[in-house]
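Below is one structure, written out as structure tokens, with a few remarks after it.
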Amino acid sequence: MSMETNQDRENIVHFVKQAIEMLCEKNISNVVILSSYKINSVLKENFGINIRVDRIGRILSNVAKRNQLKRLRTNIPKYKLHISMVSHLDFS
């Protein structure tokens, strides 16, 4: 079991932030539904990065909790993000 360094986590958080911003740019409605699988596919397609979905999910969960995003009632955690909030998201 490898220990995740602080630098690794910061890099992943940075890429997750970029993926969320890209999803919001390409979306035509006022609300984006965020999931770890959707973020993972954006990272693979646009950056060629393959990060384990569970790691993305933990970061997304922390971001959602910190920013009080509404969680949808699904088996896979999904969160509702209003596009107007993107620039104000707290990722730290």
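Ligands are numbered from 1 in the order shown, chains are lettered A, B, ... in the order of the structure tokens, and residues start at 1 in each chain.
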- Might you pull out every residue within 12 Å of Ser61 (chain A), with only C-alpha atoms counted and same-chain residues fewer than 5 positions away left off, and present them as a list in words? Val13, Val16, Leu34, Ser35, Ser36, Val53, Asp54, Arg55, Ile56, Arg66, Asn67, Gln68, Leu69, Lys70, Arg71, Ile76, Pro77, Lys78, Tyr79, Lys80 and Phe91 of chain A
May I have the selected residues written with N, CA and C atoms, as a short mmCIF file (atom, residue, chain, number, x, y, z; two decimals), in the first residue's frame?
```
data_model
loop_
_atom_site.label_atom_id
_atom_site.label_comp_id
_atom_site.auth_asym_id
_atom_site.auth_seq_id
_atom_site.Cartn_x
_atom_site.Cartn_y
_atom_site.Cartn_z
N VAL A 13 -6.05 17.10 -7.46
CA VAL A 13 -7.06 18.14 -7.21
C VAL A 13 -7.04 19.16 -8.36
N VAL A 16 -8.73 17.58 -11.37
CA VAL A 16 -10.17 17.49 -11.13
C VAL A 16 -10.81 18.86 -11.33
N LEU A 34 -22.18 16.36 -11.64
CA LEU A 34 -20.80 15.89 -11.51
C LEU A 34 -20.77 14.48 -10.93
N SER A 35 -19.96 13.63 -11.53
CA SER A 35 -19.70 12.31 -10.96
C SER A 35 -18.24 11.98 -11.20
N SER A 36 -17.71 11.06 -10.42
CA SER A 36 -16.30 10.70 -10.56
C SER A 36 -16.05 10.05 -11.92
N VAL A 53 -10.91 5.94 -10.22
CA VAL A 53 -12.19 6.60 -10.00
C VAL A 53 -12.45 6.83 -8.51
N ASP A 54 -12.03 5.91 -7.66
CA ASP A 54 -12.29 6.09 -6.23
C ASP A 54 -11.52 7.29 -5.66
N ARG A 55 -10.32 7.55 -6.19
CA ARG A 55 -9.56 8.72 -5.74
C ARG A 55 -10.25 10.01 -6.18
N ILE A 56 -10.74 10.02 -7.42
CA ILE A 56 -11.47 11.18 -7.91
C ILE A 56 -12.73 11.36 -7.08
N ARG A 66 -17.51 20.71 1.04
CA ARG A 66 -16.97 22.03 1.34
C ARG A 66 -17.81 23.14 0.72
N ASN A 67 -18.39 22.87 -0.45
CA ASN A 67 -19.15 23.88 -1.19
C ASN A 67 -20.66 23.68 -1.09
N GLN A 68 -21.08 22.73 -0.26
CA GLN A 68 -22.49 22.44 0.00
C GLN A 68 -23.26 22.16 -1.29
N LEU A 69 -22.69 21.30 -2.15
CA LEU A 69 -23.37 20.90 -3.38
C LEU A 69 -24.41 19.84 -3.03
N LYS A 70 -25.53 19.88 -3.72
CA LYS A 70 -26.61 18.92 -3.47
C LYS A 70 -26.23 17.56 -4.05
N ARG A 71 -26.35 16.51 -3.24
CA ARG A 71 -26.07 15.14 -3.70
C ARG A 71 -27.36 14.54 -4.23
N ILE A 76 -24.27 5.70 -7.50
CA ILE A 76 -22.98 6.36 -7.71
C ILE A 76 -23.16 7.81 -7.27
N PRO A 77 -22.32 8.30 -6.35
CA PRO A 77 -22.49 9.68 -5.89
C PRO A 77 -22.41 10.69 -7.05
N LYS A 78 -23.43 11.51 -7.15
CA LYS A 78 -23.48 12.56 -8.15
C LYS A 78 -23.90 13.84 -7.45
N TYR A 79 -23.35 14.95 -7.92
CA TYR A 79 -23.61 16.23 -7.28
C TYR A 79 -24.07 17.25 -8.30
N LYS A 80 -24.94 18.11 -7.87
CA LYS A 80 -25.52 19.15 -8.72
C LYS A 80 -24.70 20.43 -8.54
N PHE A 91 -11.52 24.29 -3.51
CA PHE A 91 -10.91 22.98 -3.73
C PHE A 91 -9.87 22.61 -2.67
#
```
- Message: Using only C-alpha atoms, which protein or nucleic acid residues come within 10 Å of Ile39 (chain A)? Drop anything in the same chain fewer than 2 positions from it, and give the result as an NGL selection string.
- Response: :A and (15-20 or 22-23 or 34-37 or 41-44 or 51 or 53 or 56-57 or 60)
Write the residues you've just listed into a file as a compact mmCIF listing (two decimals), in the first residue's frame, and include all heavy atoms for each of them.
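again_28.txt written:
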```
# COMPACT_ATOMS: atom_id res chain seq x y z
N PHE A 15 -6.13 18.66 -11.51
CA PHE A 15 -6.73 18.06 -12.70
C PHE A 15 -8.25 17.92 -12.56
O PHE A 15 -8.99 18.13 -13.52
CB PHE A 15 -6.10 16.70 -13.00
CG PHE A 15 -4.74 16.81 -13.62
CD1 PHE A 15 -3.64 16.22 -13.02
CD2 PHE A 15 -4.54 17.50 -14.80
CE1 PHE A 15 -2.38 16.33 -13.58
CE2 PHE A 15 -3.29 17.62 -15.39
CZ PHE A 15 -2.20 17.02 -14.76
N VAL A 16 -8.73 17.58 -11.37
CA VAL A 16 -10.17 17.49 -11.13
C VAL A 16 -10.81 18.86 -11.33
O VAL A 16 -11.87 18.98 -11.97
CB VAL A 16 -10.47 16.92 -9.73
CG1 VAL A 16 -11.94 17.09 -9.36
CG2 VAL A 16 -10.08 15.46 -9.65
N LYS A 17 -10.16 19.89 -10.84
CA LYS A 17 -10.66 21.26 -11.00
C LYS A 17 -10.75 21.61 -12.49
O LYS A 17 -11.76 22.15 -12.95
CB LYS A 17 -9.74 22.24 -10.28
CG LYS A 17 -10.19 23.68 -10.38
CD LYS A 17 -9.25 24.59 -9.64
CE LYS A 17 -9.72 26.04 -9.75
NZ LYS A 17 -8.84 26.96 -9.04
N GLN A 18 -9.71 21.29 -13.25
CA GLN A 18 -9.72 21.57 -14.69
C GLN A 18 -10.84 20.81 -15.39
O GLN A 18 -11.51 21.35 -16.28
CB GLN A 18 -8.37 21.22 -15.32
CG GLN A 18 -7.30 22.24 -15.06
CD GLN A 18 -6.04 21.93 -15.84
OE1 GLN A 18 -5.57 20.81 -15.83
NE2 GLN A 18 -5.51 22.93 -16.50
N ALA A 19 -11.04 19.56 -15.01
CA ALA A 19 -12.09 18.74 -15.63
C ALA A 19 -13.47 19.33 -15.34
O ALA A 19 -14.32 19.39 -16.23
CB ALA A 19 -12.00 17.31 -15.12
N ILE A 20 -13.70 19.78 -14.11
CA ILE A 20 -14.98 20.38 -13.75
C ILE A 20 -15.20 21.66 -14.56
O ILE A 20 -16.29 21.90 -15.08
CB ILE A 20 -15.07 20.65 -12.23
CG1 ILE A 20 -15.15 19.32 -11.47
CG2 ILE A 20 -16.25 21.55 -11.89
CD1 ILE A 20 -15.05 19.45 -9.97
N MET A 22 -13.96 22.34 -17.49
CA MET A 22 -14.22 21.96 -18.88
C MET A 22 -15.67 21.48 -19.05
O MET A 22 -16.32 21.81 -20.04
CB MET A 22 -13.25 20.87 -19.33
CG MET A 22 -11.85 21.36 -19.54
SD MET A 22 -10.76 20.05 -20.06
CE MET A 22 -10.99 20.17 -21.83
N LEU A 23 -16.14 20.69 -18.10
CA LEU A 23 -17.53 20.22 -18.17
C LEU A 23 -18.51 21.39 -18.15
O LEU A 23 -19.50 21.38 -18.88
CB LEU A 23 -17.83 19.29 -16.99
CG LEU A 23 -17.31 17.87 -17.09
CD1 LEU A 23 -17.44 17.17 -15.74
CD2 LEU A 23 -18.05 17.11 -18.16
N LEU A 34 -22.18 16.36 -11.64
CA LEU A 34 -20.80 15.89 -11.51
C LEU A 34 -20.77 14.48 -10.93
O LEU A 34 -21.46 14.19 -9.96
CB LEU A 34 -20.01 16.82 -10.58
CG LEU A 34 -19.87 18.28 -11.00
CD1 LEU A 34 -19.17 19.06 -9.91
CD2 LEU A 34 -19.13 18.38 -12.31
N SER A 35 -19.96 13.63 -11.53
CA SER A 35 -19.70 12.31 -10.96
C SER A 35 -18.24 11.98 -11.20
O SER A 35 -17.59 12.55 -12.10
CB SER A 35 -20.60 11.24 -11.61
OG SER A 35 -20.14 10.93 -12.91
N SER A 36 -17.71 11.06 -10.42
CA SER A 36 -16.30 10.70 -10.56
C SER A 36 -16.05 10.05 -11.92
O SER A 36 -14.99 10.24 -12.51
CB SER A 36 -15.87 9.78 -9.42
OG SER A 36 -16.76 8.70 -9.29
N TYR A 37 -17.03 9.31 -12.44
CA TYR A 37 -16.85 8.66 -13.74
C TYR A 37 -16.80 9.69 -14.87
O TYR A 37 -16.02 9.57 -15.80
CB TYR A 37 -17.98 7.65 -14.00
CG TYR A 37 -17.87 6.43 -13.12
CD1 TYR A 37 -18.62 6.32 -11.96
CD2 TYR A 37 -16.98 5.42 -13.43
CE1 TYR A 37 -18.50 5.21 -11.14
CE2 TYR A 37 -16.85 4.31 -12.61
CZ TYR A 37 -17.61 4.21 -11.47
OH TYR A 37 -17.48 3.11 -10.67
N SER A 41 -13.56 10.41 -17.30
CA SER A 41 -13.57 10.34 -18.76
C SER A 41 -13.08 11.64 -19.38
O SER A 41 -12.39 11.61 -20.40
CB SER A 41 -14.96 9.97 -19.28
OG SER A 41 -15.88 10.98 -19.03
N VAL A 42 -13.36 12.78 -18.77
CA VAL A 42 -12.84 14.06 -19.26
C VAL A 42 -11.32 14.08 -19.15
O VAL A 42 -10.62 14.52 -20.07
CB VAL A 42 -13.46 15.25 -18.49
CG1 VAL A 42 -12.73 16.55 -18.78
CG2 VAL A 42 -14.93 15.38 -18.82
N LEU A 43 -10.80 13.59 -18.03
CA LEU A 43 -9.35 13.56 -17.85
C LEU A 43 -8.67 12.64 -18.86
O LEU A 43 -7.62 12.97 -19.40
CB LEU A 43 -8.99 13.13 -16.42
CG LEU A 43 -9.35 14.13 -15.32
CD1 LEU A 43 -9.08 13.54 -13.95
CD2 LEU A 43 -8.59 15.42 -15.50
N LYS A 44 -9.28 11.49 -19.14
CA LYS A 44 -8.72 10.55 -20.11
C LYS A 44 -8.73 11.14 -21.52
O LYS A 44 -7.73 11.08 -22.23
CB LYS A 44 -9.51 9.24 -20.12
CG LYS A 44 -9.15 8.29 -19.03
CD LYS A 44 -9.95 7.00 -19.17
CE LYS A 44 -9.73 6.09 -18.00
NZ LYS A 44 -10.61 4.92 -18.04
N ILE A 51 -6.65 8.33 -13.71
CA ILE A 51 -6.63 8.33 -12.25
C ILE A 51 -7.75 7.41 -11.79
O ILE A 51 -8.83 7.41 -12.37
CB ILE A 51 -6.86 9.76 -11.70
CG1 ILE A 51 -5.77 10.70 -12.22
CG2 ILE A 51 -6.90 9.76 -10.18
CD1 ILE A 51 -6.02 12.16 -11.90
N VAL A 53 -10.91 5.94 -10.22
CA VAL A 53 -12.19 6.60 -10.00
C VAL A 53 -12.45 6.83 -8.51
O VAL A 53 -13.01 7.86 -8.13
CB VAL A 53 -13.34 5.79 -10.64
CG1 VAL A 53 -14.68 6.41 -10.35
CG2 VAL A 53 -13.14 5.67 -12.13
N ILE A 56 -10.74 10.02 -7.42
CA ILE A 56 -11.47 11.18 -7.91
C ILE A 56 -12.73 11.36 -7.08
O ILE A 56 -13.09 12.48 -6.71
CB ILE A 56 -11.83 11.01 -9.41
CG1 ILE A 56 -10.55 11.00 -10.25
CG2 ILE A 56 -12.78 12.11 -9.86
CD1 ILE A 56 -10.77 10.63 -11.70
N GLY A 57 -13.40 10.26 -6.76
CA GLY A 57 -14.62 10.31 -5.96
C GLY A 57 -14.40 10.91 -4.59
O GLY A 57 -15.24 11.68 -4.10
N LEU A 60 -13.92 14.64 -5.12
CA LEU A 60 -15.20 15.23 -5.48
C LEU A 60 -16.12 15.33 -4.26
O LEU A 60 -16.79 16.34 -4.06
CB LEU A 60 -15.86 14.42 -6.59
CG LEU A 60 -17.21 14.92 -7.10
CD1 LEU A 60 -17.11 16.36 -7.60
CD2 LEU A 60 -17.74 14.00 -8.18
```
- Note on the structure: Among A:Ile49, A:Lys26, A:Ile59, A:Leu89, Arg9 (chain A) is approached most closely, using only C-alpha atoms, by A:Ile59
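Distances to His88 (chain A) were evaluated for A:Val31, A:Asn11, A:Arg58, A:Val63 using only C-alpha atoms, and the minimum falls at A:Val63.
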- Determine which residues of region 15-92 of chain A DSSP labels as strand (DSSP E or B) from the backbone of this structure, then write them out as a PyMOL selection string. chain A and resi 31-35+70-72+78-82
- Provide the CA of Asn30 (chain A) to CA of Met85 (chain A) distance in Å, to one decimal place.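 Atom-to-atom, CA of Asn30 (chain A) to CA of Met85 (chain A), that is 10.1 Å.
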- helix (DSSP H, G or I) residues, from DSSP on the backbone, in chain A, as an MDAnalysis selection string: chainID A and resid 6:26 36:47 53:67 83:88
- Task: Do a neighbour search on Val32 (chain A) at 7 Å with only C-alpha atoms, toss out local chain neighbours closer than 3 positions, and write the hits as JSON, numbers by chain.
- Result: {"A": [24, 80, 81, 82, 83]}
Take the selection from the previous step and output its residues with all heavy atoms, as a PDB file, in the first residue's frame.
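Full text of out39.pdb as output:
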```pdb
ATOM      1  N   CYS A  24     -18.212  22.398 -17.354  1.00  0.00           N
ATOM      2  CA  CYS A  24     -19.101  23.558 -17.260  1.00  0.00           C
ATOM      3  C   CYS A  24     -19.035  24.423 -18.521  1.00  0.00           C
ATOM      4  O   CYS A  24     -20.048  24.973 -18.941  1.00  0.00           O
ATOM      5  CB  CYS A  24     -18.758  24.385 -16.029  1.00  0.00           C
ATOM      6  SG  CYS A  24     -19.180  23.536 -14.500  1.00  0.00           S
ATOM      7  N   LYS A  80     -24.944  18.113  -7.872  1.00  0.00           N
ATOM      8  CA  LYS A  80     -25.517  19.150  -8.722  1.00  0.00           C
ATOM      9  C   LYS A  80     -24.704  20.429  -8.538  1.00  0.00           C
ATOM     10  O   LYS A  80     -24.552  20.911  -7.413  1.00  0.00           O
ATOM     11  CB  LYS A  80     -26.953  19.366  -8.257  1.00  0.00           C
ATOM     12  CG  LYS A  80     -27.877  19.986  -9.214  1.00  0.00           C
ATOM     13  CD  LYS A  80     -29.258  19.981  -8.557  1.00  0.00           C
ATOM     14  CE  LYS A  80     -30.324  20.347  -9.541  1.00  0.00           C
ATOM     15  NZ  LYS A  80     -31.642  20.313  -8.908  1.00  0.00           N
ATOM     16  N   LEU A  81     -24.199  20.970  -9.642  1.00  0.00           N
ATOM     17  CA  LEU A  81     -23.403  22.200  -9.594  1.00  0.00           C
ATOM     18  C   LEU A  81     -24.007  23.227 -10.533  1.00  0.00           C
ATOM     19  O   LEU A  81     -24.153  22.964 -11.733  1.00  0.00           O
ATOM     20  CB  LEU A  81     -21.953  21.911 -10.004  1.00  0.00           C
ATOM     21  CG  LEU A  81     -21.042  23.117 -10.184  1.00  0.00           C
ATOM     22  CD1 LEU A  81     -20.834  23.843  -8.851  1.00  0.00           C
ATOM     23  CD2 LEU A  81     -19.702  22.699 -10.765  1.00  0.00           C
ATOM     24  N   HIS A  82     -24.370  24.382  -9.991  1.00  0.00           N
ATOM     25  CA  HIS A  82     -24.836  25.479 -10.827  1.00  0.00           C
ATOM     26  C   HIS A  82     -23.606  26.128 -11.458  1.00  0.00           C
ATOM     27  O   HIS A  82     -22.630  26.413 -10.766  1.00  0.00           O
ATOM     28  CB  HIS A  82     -25.625  26.500 -10.003  1.00  0.00           C
ATOM     29  CG  HIS A  82     -26.944  25.972  -9.544  1.00  0.00           C
ATOM     30  ND1 HIS A  82     -28.079  26.035 -10.309  1.00  0.00           N
ATOM     31  CD2 HIS A  82     -27.299  25.334  -8.406  1.00  0.00           C
ATOM     32  CE1 HIS A  82     -29.077  25.464  -9.667  1.00  0.00           C
ATOM     33  NE2 HIS A  82     -28.631  25.028  -8.501  1.00  0.00           N
ATOM     34  N   ILE A  83     -23.662  26.346 -12.756  1.00  0.00           N
ATOM     35  CA  ILE A  83     -22.505  26.854 -13.490  1.00  0.00           C
ATOM     36  C   ILE A  83     -22.026  28.185 -12.919  1.00  0.00           C
ATOM     37  O   ILE A  83     -20.832  28.460 -12.904  1.00  0.00           O
ATOM     38  CB  ILE A  83     -22.826  26.957 -14.996  1.00  0.00           C
ATOM     39  CG1 ILE A  83     -22.953  25.546 -15.543  1.00  0.00           C
ATOM     40  CG2 ILE A  83     -21.777  27.756 -15.736  1.00  0.00           C
ATOM     41  CD1 ILE A  83     -23.043  25.420 -17.007  1.00  0.00           C
TER      42      ILE A  83
END
```
- Task: State, in Å with one decimal place, the distance from CA of Asp8 (chain A) to CA of Asn27 (chain A).
- Result: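 Atom-to-atom, CA of Asp8 (chain A) and CA of Asn27 (chain A) are spaced 28.8 Å apart.
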